[in-house]
file model.csv (CSV, C-alpha atoms)
chain,number,residue,atom,x,y,z
A,199,ALA,CA,-126.8,-54.3,145.2
A,200,ALA,CA,-127.4,-55.0,149.0
A,201,GLN,CA,-126.2,-58.5,149.7
A,202,GLY,CA,-128.6,-59.4,152.6
A,203,SER,CA,-125.6,-60.6,154.6
A,204,GLN,CA,-126.7,-59.1,157.9
A,205,GLU,CA,-129.9,-59.1,160.0
A,206,TYR,CA,-131.4,-56.1,161.7
A,207,ASN,CA,-133.8,-56.2,164.6
A,208,LEU,CA,-136.6,-53.7,164.1
A,209,ALA,CA,-137.4,-53.8,167.8
A,210,LEU,CA,-134.3,-51.6,168.2
A,211,TYR,CA,-135.6,-49.2,165.6
A,212,VAL,CA,-139.1,-48.4,166.9
A,213,SER,CA,-140.5,-47.1,170.2
A,214,PRO,CA,-140.7,-49.4,173.3
A,215,ALA,CA,-144.5,-49.5,172.9
A,216,GLN,CA,-144.2,-50.7,169.4
A,217,ALA,CA,-141.4,-53.1,170.2
A,218,ALA,CA,-143.6,-54.7,172.9
A,219,ARG,CA,-146.1,-55.6,170.1
A,220,LEU,CA,-143.5,-57.2,167.8
A,221,PRO,CA,-142.9,-61.0,167.9
A,222,ALA,CA,-140.9,-62.4,170.8
A,223,GLY,CA,-137.3,-61.8,170.1
A,224,GLY,CA,-138.0,-58.9,167.8
A,225,CYS,CA,-138.7,-58.6,164.1
A,226,TRP,CA,-135.6,-59.3,162.1
A,227,VAL,CA,-135.1,-58.3,158.5
A,228,LYS,CA,-132.5,-58.6,155.8
A,229,ILE,CA,-132.0,-56.1,153.0
A,230,VAL,CA,-131.4,-57.6,149.6
A,231,GLY,CA,-131.2,-55.5,146.5
A,232,ALA,CA,-133.0,-56.3,143.2
A,233,ALA,CA,-129.5,-56.9,141.6
A,234,PRO,CA,-127.4,-58.3,144.5
A,235,GLY,CA,-124.7,-59.5,142.1
A,236,ALA,CA,-124.1,-56.1,140.5
A,237,ASN,CA,-120.9,-54.1,140.8
A,238,VAL,CA,-121.7,-50.5,141.8
A,239,LEU,CA,-119.7,-47.4,141.1
A,240,ALA,CA,-120.8,-44.5,143.3
A,241,LEU,CA,-120.1,-41.1,141.9
A,242,LYS,CA,-120.7,-38.2,144.3
A,243,VAL,CA,-122.2,-35.2,142.5
A,244,PHE,CA,-123.4,-33.4,145.6
A,245,ALA,CA,-120.6,-32.0,147.7
A,246,GLN,CA,-120.4,-30.5,151.1
A,247,ASN,CA,-123.7,-28.9,152.2
A,248,ASP,CA,-125.4,-30.5,149.1
A,249,ASP,CA,-123.7,-27.9,146.9
A,250,THR,CA,-123.2,-29.0,143.3
A,251,THR,CA,-122.5,-27.7,139.8
A,252,THR,CA,-123.7,-28.7,136.3
A,253,SER,CA,-120.2,-29.6,135.4
A,254,GLY,CA,-120.1,-32.1,138.3
A,255,PHE,CA,-123.0,-34.0,136.8
A,256,LEU,CA,-121.4,-34.0,133.3
A,257,GLN,CA,-118.1,-35.2,134.7
A,258,ALA,CA,-119.8,-38.0,136.6
A,259,ILE,CA,-121.8,-39.2,133.6
A,260,GLU,CA,-118.7,-39.1,131.4
A,261,TYR,CA,-116.7,-41.0,134.0
A,262,ALA,CA,-119.3,-43.7,134.3
A,263,VAL,CA,-119.5,-44.3,130.5
A,264,GLN,CA,-115.7,-44.3,130.2
A,265,ASN,CA,-115.3,-46.8,133.0
A,266,GLY,CA,-117.7,-49.4,131.7
A,267,ALA,CA,-121.0,-48.7,133.4
A,268,LYS,CA,-123.9,-50.5,131.7
A,269,VAL,CA,-126.6,-48.7,133.7
A,270,ILE,CA,-126.5,-45.2,135.2
A,271,ASN,CA,-129.0,-44.3,137.9
A,272,GLU,CA,-129.8,-40.6,138.4
A,273,SER,CA,-131.8,-39.9,141.5
A,274,PHE,CA,-131.9,-36.1,140.9
A,275,GLY,CA,-133.7,-33.6,138.8
A,276,SER,CA,-134.7,-30.0,138.3
A,277,PRO,CA,-138.0,-28.5,137.3
A,278,ALA,CA,-136.6,-26.7,134.2
A,279,PHE,CA,-139.0,-24.1,132.7
A,280,PRO,CA,-139.2,-24.1,129.8
A,281,ASP,CA,-138.3,-27.7,129.6
A,282,THR,CA,-136.3,-28.1,126.5
A,283,SER,CA,-133.5,-30.2,125.1
A,284,GLN,CA,-131.2,-27.3,126.0
A,285,ASP,CA,-130.5,-29.1,129.3
A,286,VAL,CA,-126.8,-30.1,129.0
A,287,ILE,CA,-127.3,-33.0,131.5
A,288,ARG,CA,-129.9,-34.3,129.2
A,289,ASP,CA,-127.5,-34.0,126.3
A,290,ALA,CA,-124.9,-36.0,128.3
A,291,ASN,CA,-127.5,-38.7,129.0
A,292,ASP,CA,-128.3,-38.9,125.3
A,293,ALA,CA,-124.6,-39.3,124.6
A,294,ALA,CA,-124.4,-42.1,127.2
A,295,VAL,CA,-127.4,-43.9,125.6
A,296,ALA,CA,-125.8,-43.5,122.2
A,297,ALA,CA,-122.7,-45.2,123.7
A,298,GLY,CA,-124.9,-48.2,124.8
A,299,VAL,CA,-125.5,-47.2,128.4
A,300,THR,CA,-129.0,-47.5,129.9
A,301,VAL,CA,-129.9,-44.4,131.9
A,302,VAL,CA,-132.6,-44.5,134.6
A,303,VAL,CA,-133.9,-41.3,136.1
A,304,GLY,CA,-136.4,-40.6,139.0
A,305,SER,CA,-139.3,-38.5,138.0
A,306,GLY,CA,-139.3,-36.5,141.2
A,307,ASP,CA,-141.3,-36.2,144.4
A,308,ALA,CA,-143.6,-33.3,143.7
A,309,GLY,CA,-147.0,-34.9,143.1
A,310,ALA,CA,-148.9,-35.8,140.0
A,311,ALA,CA,-149.8,-32.4,138.5
A,312,SER,CA,-147.3,-32.4,135.6
A,313,THR,CA,-144.2,-32.1,137.8
A,314,ILE,CA,-141.8,-34.4,136.1
A,315,SER,CA,-138.3,-33.0,136.4
A,316,SER,CA,-135.5,-32.8,133.8
A,317,PRO,CA,-133.6,-35.0,132.9
A,318,ALA,CA,-136.5,-37.5,133.5
A,319,THR,CA,-138.4,-35.7,130.7
A,320,ASP,CA,-135.9,-37.0,128.1
A,321,PRO,CA,-137.6,-39.8,126.0
A,322,GLN,CA,-134.3,-41.6,125.7
A,323,VAL,CA,-134.0,-42.4,129.4
A,324,ILE,CA,-136.2,-44.6,131.6
A,325,SER,CA,-138.4,-42.2,133.7
A,326,VAL,CA,-139.5,-43.8,137.0
A,327,GLY,CA,-142.3,-42.7,139.3
A,328,VAL,CA,-143.1,-44.0,142.8
A,329,SER,CA,-145.5,-46.7,144.0
A,330,THR,CA,-146.4,-47.6,147.5
A,331,THR,CA,-145.5,-50.6,149.5
A,332,PHE,CA,-146.1,-50.2,153.2
A,333,ARG,CA,-144.7,-53.6,154.3
A,334,SER,CA,-142.0,-51.8,156.3
A,335,TYR,CA,-144.8,-50.0,158.3
A,336,ALA,CA,-146.4,-53.4,159.0
A,337,GLN,CA,-143.1,-55.0,160.1
A,338,ALA,CA,-142.4,-52.1,162.5
A,339,ASP,CA,-146.0,-51.9,163.7
A,340,PHE,CA,-146.5,-48.3,162.7
A,341,GLY,CA,-150.2,-47.3,163.0
A,342,GLY,CA,-150.9,-50.3,165.3
A,343,PHE,CA,-150.6,-52.9,162.6
A,344,ASP,CA,-150.2,-55.7,165.1
A,345,ASN,CA,-152.9,-54.4,167.4
A,346,PRO,CA,-155.8,-56.9,167.1
A,347,ALA,CA,-158.3,-54.1,167.8
A,348,VAL,CA,-157.3,-52.1,164.8
A,349,GLY,CA,-155.1,-54.2,162.6
A,350,ASN,CA,-156.3,-56.8,160.0
A,351,GLY,CA,-152.9,-58.4,159.2
A,352,ARG,CA,-152.7,-56.8,155.7
A,353,TRP,CA,-150.9,-53.8,154.3
A,354,VAL,CA,-151.5,-51.5,151.4
A,355,ASP,CA,-149.3,-51.6,148.3
A,356,GLY,CA,-149.4,-51.2,144.6
A,357,ASN,CA,-150.8,-47.7,144.5
A,358,ILE,CA,-149.3,-44.4,143.3
A,359,SER,CA,-147.5,-42.5,146.0
A,360,SER,CA,-148.9,-39.1,146.7
A,361,ALA,CA,-145.3,-37.7,146.3
A,362,SER,CA,-144.7,-39.3,142.9
A,363,SER,CA,-144.1,-36.7,140.1
A,364,GLY,CA,-146.3,-37.5,137.2
A,365,GLY,CA,-148.6,-35.8,134.7
A,366,PHE,CA,-147.3,-34.6,131.3
A,367,THR,CA,-144.1,-33.1,130.2
A,368,GLN,CA,-143.9,-30.1,127.9
A,369,SER,CA,-143.4,-32.4,125.0
A,370,GLY,CA,-146.5,-34.5,125.9
A,371,GLY,CA,-144.8,-37.5,127.4
A,372,THR,CA,-145.2,-39.0,130.9
A,373,VAL,CA,-143.4,-41.4,133.2
A,374,ASP,CA,-142.4,-44.7,131.7
A,375,LEU,CA,-143.2,-46.9,134.7
A,376,VAL,CA,-143.3,-46.9,138.5
A,377,ALA,CA,-141.5,-48.8,141.2
A,378,PRO,CA,-141.7,-49.1,145.0
A,379,GLY,CA,-140.5,-46.0,146.8
A,380,ASP,CA,-143.0,-45.3,149.7
A,381,ALA,CA,-141.4,-46.5,151.9
A,382,ASN,CA,-138.9,-49.4,152.4
A,383,TRP,CA,-135.9,-50.3,154.5
A,384,ALA,CA,-132.5,-49.1,153.3
A,385,LEU,CA,-129.0,-49.6,154.6
A,386,CYS,CA,-127.3,-46.7,156.2
A,387,SER,CA,-124.1,-45.9,158.2
A,388,ALA,CA,-123.4,-44.4,161.5
A,389,ASP,CA,-120.3,-42.7,160.0
A,390,THR,CA,-121.6,-39.2,159.9
A,391,THR,CA,-118.4,-37.9,158.3
A,392,ASN,CA,-119.5,-39.5,155.1
A,393,TYR,CA,-123.2,-39.9,155.5
A,394,ALA,CA,-125.8,-37.9,157.5
A,395,GLY,CA,-129.4,-38.9,158.2
A,396,CYS,CA,-129.2,-42.4,159.5
A,397,ALA,CA,-130.1,-41.7,163.1
A,398,ASP,CA,-133.8,-42.0,162.6
A,399,GLY,CA,-134.5,-44.9,164.9
A,400,PHE,CA,-136.3,-44.3,168.2
A,401,GLY,CA,-134.5,-41.7,170.2
A,402,GLY,CA,-132.3,-40.7,167.3
A,403,THR,CA,-130.2,-43.9,167.4
A,404,ASP,CA,-128.6,-45.6,164.5
A,405,ASN,CA,-129.5,-49.2,164.0
A,406,GLY,CA,-128.0,-49.7,160.5
A,407,VAL,CA,-131.3,-49.3,158.7
A,408,GLN,CA,-133.6,-46.4,157.8
A,409,GLN,CA,-137.0,-46.0,156.1
A,410,PHE,CA,-136.3,-44.5,152.8
A,411,GLY,CA,-138.5,-43.5,149.9
A,412,GLY,CA,-139.3,-41.3,146.9
A,413,ALA,CA,-138.0,-41.4,143.4
A,414,SER,CA,-134.5,-41.8,144.8
A,415,GLU,CA,-135.5,-45.3,145.8
A,416,SER,CA,-137.8,-46.3,142.8
A,417,SER,CA,-135.2,-45.2,140.3
A,418,PRO,CA,-132.3,-47.3,141.6
A,419,LEU,CA,-134.6,-50.3,142.0
A,420,THR,CA,-135.4,-49.9,138.3
A,421,ALA,CA,-131.8,-49.5,137.5
A,422,ALA,CA,-131.2,-52.8,139.2
A,423,ALA,CA,-133.9,-54.4,137.1
A,424,ALA,CA,-132.2,-53.0,134.0
A,425,ALA,CA,-129.0,-54.7,135.1
A,426,ASP,CA,-130.9,-58.0,135.6
A,427,VAL,CA,-132.4,-57.6,132.1
A,428,ILE,CA,-129.0,-57.0,130.5
A,429,GLN,CA,-127.6,-60.1,132.3
A,430,ALA,CA,-130.5,-62.3,131.3
A,431,TYR,CA,-130.4,-61.1,127.7
A,432,ALA,CA,-126.6,-61.6,127.4
A,433,ARG,CA,-126.9,-65.1,128.9
A,434,THR,CA,-129.1,-66.2,126.0
A,435,HIS,CA,-127.5,-64.1,123.3
A,436,GLY,CA,-123.9,-65.1,123.3
A,437,GLY,CA,-122.8,-62.5,125.7
A,438,THR,CA,-124.2,-59.6,123.7
A,439,ASP,CA,-125.8,-56.8,125.7
A,440,PRO,CA,-129.2,-55.4,124.6
A,441,ALA,CA,-129.3,-51.8,123.4
A,442,PRO,CA,-130.7,-49.3,125.9
A,443,ALA,CA,-133.9,-48.9,123.8
A,444,LEU,CA,-134.5,-52.6,124.1
A,445,VAL,CA,-133.9,-52.6,127.8
A,446,LYS,CA,-136.6,-49.9,128.1
A,447,GLU,CA,-139.0,-51.9,125.9
A,448,VAL,CA,-138.5,-55.0,128.0
A,449,LEU,CA,-139.1,-53.1,131.3
A,450,THR,CA,-142.2,-51.2,130.1
A,451,SER,CA,-143.7,-54.2,128.3
A,452,SER,CA,-143.5,-56.4,131.4
A,453,ALA,CA,-144.8,-53.8,133.8
A,454,THR,CA,-148.1,-54.6,135.6
A,455,ASP,CA,-151.1,-52.3,135.1
A,456,ILE,CA,-152.2,-51.2,138.5
A,457,ASP,CA,-155.3,-49.4,137.3
A,458,ALA,CA,-153.9,-45.9,137.8
A,459,PRO,CA,-154.0,-43.2,135.1
A,460,ALA,CA,-151.3,-43.6,132.5
A,461,SER,CA,-150.1,-40.1,133.4
A,462,GLU,CA,-149.3,-41.4,136.9
A,463,GLN,CA,-148.2,-45.0,136.3
A,464,GLY,CA,-146.8,-45.0,132.7
A,465,ALA,CA,-146.8,-48.6,131.6
A,466,GLY,CA,-147.4,-49.8,135.1
A,467,LEU,CA,-145.6,-51.3,138.1
A,468,LEU,CA,-142.1,-52.7,137.7
A,469,ASP,CA,-142.0,-56.5,137.5
A,470,VAL,CA,-138.4,-57.7,137.6
A,471,LEU,CA,-139.1,-61.4,137.2
A,472,ALA,CA,-141.4,-60.8,134.2
A,473,ALA,CA,-138.8,-58.5,132.7
A,474,VAL,CA,-136.0,-61.1,133.1
A,475,LYS,CA,-138.1,-63.9,131.5
A,476,LEU,CA,-139.0,-61.6,128.6
A,477,ALA,CA,-135.4,-60.6,128.0
A,478,ALA,CA,-134.2,-64.2,128.1
A,479,SER,CA,-136.9,-65.3,125.6
A,480,LEU,CA,-136.0,-62.8,122.9
A,481,SER,CA,-134.7,-64.4,119.7
A,482,PRO,CA,-132.2,-62.5,117.6
A,483,ALA,CA,-134.9,-62.2,114.9
A,484,SER,CA,-137.6,-60.9,117.3
A,485,ALA,CA,-135.2,-58.4,118.8
A,486,GLY,CA,-135.1,-56.5,115.5
A,487,HIS,CA,-138.4,-57.3,113.7
A,488,GLY,CA,-142.0,-57.4,114.5
A,489,PHE,CA,-145.5,-57.3,113.2
A,490,GLY,CA,-146.4,-54.0,111.5
A,491,LEU,CA,-148.9,-51.8,113.3
A,492,PRO,CA,-150.0,-48.2,112.5
A,493,GLY,CA,-147.5,-45.5,113.1
A,494,GLY,CA,-144.5,-47.8,112.9
A,495,ALA,CA,-145.2,-49.4,116.3
A,496,PHE,CA,-145.0,-53.2,116.6
A,497,SER,CA,-145.5,-56.0,119.1
A,498,ARG,CA,-143.9,-59.4,119.4
A,499,ALA,CA,-145.4,-62.4,121.0
A,500,LEU,CA,-142.7,-64.4,122.8
A,501,SER,CA,-142.5,-67.2,125.3
A,502,GLY,CA,-141.6,-64.7,128.0
A,503,GLY,CA,-144.4,-62.3,127.3
A,504,LEU,CA,-145.4,-59.6,124.8
A,505,LEU,CA,-142.7,-57.0,123.7
A,506,VAL,CA,-144.3,-53.7,122.7
A,507,SER,CA,-142.7,-50.8,121.0
A,508,PRO,CA,-142.7,-47.8,121.5
A,509,SER,CA,-143.1,-47.4,125.2
A,510,GLN,CA,-145.4,-44.4,124.7
A,511,VAL,CA,-147.7,-43.0,122.0
A,512,ASN,CA,-148.5,-39.3,122.2
A,513,VAL,CA,-151.7,-38.3,120.5
A,514,VAL,CA,-152.7,-34.7,119.8
call {"tool": "encode", "arguments": {"input": "model.csv", "output": "structure tokens"}}
result
Amino acid sequence: AAQGSQEYNLALYVSPAQAARLPAGGCWVKIVGAAPGANVLALKVFAQNDDTTTSGFLQAIEYAVQNGAKVINESFGSPAFPDTSQDVIRDANDAAVAAGVTVVVGSGDAGAASTISSPATDPQVISVGVSTTFRSYAQADFGGFDNPAVGNGRWVDGNISSASSGGFTQSGGTVDLVAPGDANWALCSADTTNYAGCADGFGGTDNGVQQFGGASESSPLTAAAAADVIQAYARTHGGTDPAPALVKEVLTSSATDIDAPASEQGAGLLDVLAAVKLAASLSPASAGHGFGLPGGAFSRALSGGLLVSPSQVNVV
């Protein structure tokens, strides 16, 4: 929900050698979220020294639902073994979905070898992996991007991050989609009484921004997209919000295939604009009916794209 109301000079973030290669006057950036008009309720489940309890997670999820949250982002997980529905946080998420709340969970940052953490393994939530977008490296001239001897003026993006948890869950599923999370600018605060880790500029100084990444970034970006989908759908459906299952269908149906294995990318790379167009184009009839396909799945051709259900088909 970052508003983009302030500019930050990356010349103050990088080393003097890098700053000398940036444009005259520095490289100024704004940070705008994917849902800058959203209202955000922050619930702190990790206490001092990052200690936490299961009951703290349950209380936060319940509080969010009771206080009108339409989307819950969960940038956390645990590699439960065995991975079963006995996870009570997963039960709480299922209750939230049943109450009409869309739940988005990061898959984790443990690589692609079947490392998806619970509660991202729950088929009722939206499980999000991590894609690369190294524009922030280019903007700050990491790796000599602006050096004419080694740079070509282009940066790499749209790949699967090496950290992104993927593979298969115990039940045979995988991530639903991926979103940028390696690595981008995020806002931070110099107030170390409430937030630690912002002093990562050159010399350990705080410049109001930090490079941030992992599923803890890709998941909230997808949660923002879910908020946009809900808003677009409600605008063309008399103020009625879509069910969480429909939000998930819209996001996965509009994702872009980036030619990675399905066990790493799921349906593909998040495309917020395509998702919004698809949500707005749904007619009341198409939102509940479709053309019959084997196994009960169906697809619907709409002016905003093709809506496909379900998001995954597991074949044994």
call {"tool": "closest_atom_pairs", "arguments": {"input": "model.csv", "of": "range 221-245 of chain A", "to": "range 327-348 of chain A", "cutoff": "10 Å", "atoms": "all atoms listed in the file", "output": "tab-separated table"}}
result
residue	atom	partner	partner_atom	distance
A:Pro221	CA	A:Asp344	CA	9.4
A:Gly224	CA	A:Ala338	CA	9.7
A:Cys225	CA	A:Gln337	CA	7.0
A:Trp226	CA	A:Gln337	CA	8.9
A:Val227	CA	A:Gln337	CA	8.8
call {"tool": "residues_around", "arguments": {"input": "model.csv", "residues": "Gly266 in chain A", "least_positions_apart": "2", "cutoff": "12 Å", "atoms": "all atoms listed in the file", "output": "count of residues only"}}
result
17
call {"tool": "closest_atom_pairs", "arguments": {"input": "model.csv", "of": "range 434-463 of chain A", "to": "range 398-422 of chain A", "cutoff": "12 Å", "atoms": "all atoms listed in the file", "output": "JSON lines"}}
result
{"residue": "A:Pro442", "atom": "CA", "partner": "A:Ala421", "partner_atom": "CA", "distance": 11.7}
{"residue": "A:Val445", "atom": "CA", "partner": "A:Ala421", "partner_atom": "CA", "distance": 10.4}
{"residue": "A:Lys446", "atom": "CA", "partner": "A:Thr420", "partner_atom": "CA", "distance": 10.3}
{"residue": "A:Val448", "atom": "CA", "partner": "A:Thr420", "partner_atom": "CA", "distance": 11.9}
{"residue": "A:Leu449", "atom": "CA", "partner": "A:Thr420", "partner_atom": "CA", "distance": 8.5}
{"residue": "A:Thr450", "atom": "CA", "partner": "A:Thr420", "partner_atom": "CA", "distance": 10.7}
{"residue": "A:Ala453", "atom": "CA", "partner": "A:Thr420", "partner_atom": "CA", "distance": 11.1}
call {"tool": "closest_residue", "arguments": {"input": "model.csv", "among": "A:Ala199, A:Leu444, A:Val373, A:Ala311", "to": "Val295 in chain A", "atoms": "only C-alpha atoms"}}
result
A:Leu444
call {"tool": "closest_residue", "arguments": {"input": "model.csv", "among": "A:Pro214, A:Ser316, A:Gly304, A:Asp426", "to": "Pro277 in chain A", "atoms": "all atoms listed in the file"}}
result
A:Ser316
call {"tool": "atom_distance", "arguments": {"input": "model.csv", "atom1": "CA of Thr252 in chain A", "atom2": "CA of Ser325 in chain A"}}
result
20.1 Å
call {"tool": "atom_distance", "arguments": {"input": "model.csv", "atom1": "CA of Gly503 in chain A", "atom2": "CA of Gly364 in chain A"}}
result
26.8 Å
call {"tool": "atom_distance", "arguments": {"input": "model.csv", "atom1": "CA of Thr250 in chain A", "atom2": "CA of Val286 in chain A"}}
result
14.8 Å
call {"tool": "residues_around", "arguments": {"input": "model.csv", "residues": "Ser451 in chain A", "least_positions_apart": "6", "cutoff": "9 Å", "atoms": "all atoms listed in the file", "output": "PDB file with C-alpha atoms, in the frame of the given file"}}
result
ATOM      1  CA  ALA A 465    -146.800 -48.600 131.600  1.00  0.00           C
ATOM      2  CA  GLY A 466    -147.400 -49.800 135.100  1.00  0.00           C
ATOM      3  CA  ALA A 473    -138.800 -58.500 132.700  1.00  0.00           C
ATOM      4  CA  LEU A 476    -139.000 -61.600 128.600  1.00  0.00           C
ATOM      5  CA  GLY A 503    -144.400 -62.300 127.300  1.00  0.00           C
ATOM      6  CA  LEU A 504    -145.400 -59.600 124.800  1.00  0.00           C
ATOM      7  CA  LEU A 505    -142.700 -57.000 123.700  1.00  0.00           C
ATOM      8  CA  VAL A 506    -144.300 -53.700 122.700  1.00  0.00           C
ATOM      9  CA  SER A 507    -142.700 -50.800 121.000  1.00  0.00           C
ATOM     10  CA  SER A 509    -143.100 -47.400 125.200  1.00  0.00           C
TER      11      SER A 509
END
call {"tool": "closest_residue", "arguments": {"input": "model.csv", "among": "A:Leu480, A:Asp469, A:Ile456, A:Ser461", "to": "Ala432 in chain A", "atoms": "all atoms listed in the file"}}
result
A:Leu480
call {"tool": "residues_around", "arguments": {"input": "model.csv", "residues": "Phe366 in chain A", "least_positions_apart": "3", "cutoff": "12 Å", "atoms": "all atoms listed in the file", "output": "short mmCIF file (atom, residue, chain, number, x, y, z; two decimals) with C-alpha atoms, keeping the file's coordinate frame"}}
result
data_model
loop_
_atom_site.label_atom_id
_atom_site.label_comp_id
_atom_site.auth_asym_id
_atom_site.auth_seq_id
_atom_site.Cartn_x
_atom_site.Cartn_y
_atom_site.Cartn_z
CA ASP A 281 -138.30 -27.70 129.60
CA SER A 305 -139.30 -38.50 138.00
CA GLY A 309 -147.00 -34.90 143.10
CA ALA A 310 -148.90 -35.80 140.00
CA ALA A 311 -149.80 -32.40 138.50
CA SER A 312 -147.30 -32.40 135.60
CA THR A 313 -144.20 -32.10 137.80
CA ILE A 314 -141.80 -34.40 136.10
CA SER A 315 -138.30 -33.00 136.40
CA ALA A 318 -136.50 -37.50 133.50
CA THR A 319 -138.40 -35.70 130.70
CA SER A 325 -138.40 -42.20 133.70
CA SER A 363 -144.10 -36.70 140.10
CA SER A 369 -143.40 -32.40 125.00
CA GLY A 370 -146.50 -34.50 125.90
CA GLY A 371 -144.80 -37.50 127.40
CA THR A 372 -145.20 -39.00 130.90
CA VAL A 373 -143.40 -41.40 133.20
CA ASP A 374 -142.40 -44.70 131.70
CA PRO A 459 -154.00 -43.20 135.10
CA ALA A 460 -151.30 -43.60 132.50
CA SER A 461 -150.10 -40.10 133.40
CA GLU A 462 -149.30 -41.40 136.90
CA GLN A 463 -148.20 -45.00 136.30
CA GLY A 464 -146.80 -45.00 132.70
CA GLN A 510 -145.40 -44.40 124.70
CA ASN A 512 -148.50 -39.30 122.20
#
call {"tool": "residues_around", "arguments": {"input": "model.csv", "residues": "Gly231 in chain A", "least_positions_apart": "2", "cutoff": "9 Å", "atoms": "all atoms listed in the file", "output": "CSV table (one decimal) with C-alpha atoms, in the frame of the given file"}}
result
chain,number,residue,atom,x,y,z
A,199,ALA,CA,-126.8,-54.3,145.2
A,200,ALA,CA,-127.4,-55.0,149.0
A,201,GLN,CA,-126.2,-58.5,149.7
A,202,GLY,CA,-128.6,-59.4,152.6
A,229,ILE,CA,-132.0,-56.1,153.0
A,233,ALA,CA,-129.5,-56.9,141.6
A,234,PRO,CA,-127.4,-58.3,144.5
A,235,GLY,CA,-124.7,-59.5,142.1
A,419,LEU,CA,-134.6,-50.3,142.0
A,422,ALA,CA,-131.2,-52.8,139.2
call {"tool": "decode", "arguments": {"input": "model.csv", "residues": "range 266-279 of chain A", "atoms": "N, CA, C and O atoms", "output": "compact mmCIF listing (two decimals), in the first residue's frame"}}
result
# COMPACT_ATOMS: atom_id res chain seq x y z
N GLY A 266 -13.01 -7.18 9.54
CA GLY A 266 -13.35 -6.80 8.17
C GLY A 266 -12.28 -6.94 7.12
O GLY A 266 -12.42 -6.41 6.02
N ALA A 267 -11.19 -7.65 7.42
CA ALA A 267 -10.16 -7.85 6.38
C ALA A 267 -10.74 -8.63 5.21
O ALA A 267 -11.46 -9.60 5.40
N LYS A 268 -10.44 -8.19 4.01
CA LYS A 268 -10.85 -8.92 2.81
C LYS A 268 -9.74 -9.83 2.29
O LYS A 268 -10.02 -10.81 1.59
N VAL A 269 -8.50 -9.47 2.61
CA VAL A 269 -7.34 -10.27 2.20
C VAL A 269 -6.40 -10.37 3.38
O VAL A 269 -6.15 -9.36 4.06
N ILE A 270 -5.89 -11.55 3.63
CA ILE A 270 -4.86 -11.74 4.65
C ILE A 270 -3.58 -12.20 3.96
O ILE A 270 -3.59 -13.14 3.18
N ASN A 271 -2.48 -11.48 4.25
CA ASN A 271 -1.17 -11.92 3.77
C ASN A 271 -0.43 -12.61 4.90
O ASN A 271 -0.37 -12.10 6.02
N GLU A 272 0.17 -13.76 4.59
CA GLU A 272 0.94 -14.50 5.58
C GLU A 272 2.33 -14.78 5.02
O GLU A 272 2.53 -15.71 4.23
N SER A 273 3.29 -13.97 5.42
CA SER A 273 4.68 -14.16 4.99
C SER A 273 5.41 -14.99 6.04
O SER A 273 6.36 -14.55 6.67
N PHE A 274 4.92 -16.20 6.26
CA PHE A 274 5.55 -17.09 7.22
C PHE A 274 5.21 -18.52 6.86
O PHE A 274 4.32 -18.78 6.04
N GLY A 275 5.91 -19.46 7.45
CA GLY A 275 5.63 -20.86 7.22
C GLY A 275 6.57 -21.73 8.03
O GLY A 275 7.54 -21.26 8.62
N SER A 276 6.26 -23.01 8.05
CA SER A 276 7.08 -23.97 8.78
C SER A 276 7.07 -25.28 8.01
O SER A 276 6.01 -25.73 7.55
N PRO A 277 8.23 -25.91 7.85
CA PRO A 277 8.29 -27.17 7.09
C PRO A 277 7.78 -28.35 7.90
O PRO A 277 8.55 -29.17 8.39
N ALA A 278 6.48 -28.41 8.07
CA ALA A 278 5.89 -29.48 8.88
C ALA A 278 6.13 -30.84 8.24
O ALA A 278 6.00 -31.00 7.03
N PHE A 279 6.49 -31.81 9.07
CA PHE A 279 6.68 -33.17 8.56
C PHE A 279 6.16 -34.15 9.60
O PHE A 279 6.63 -34.16 10.73
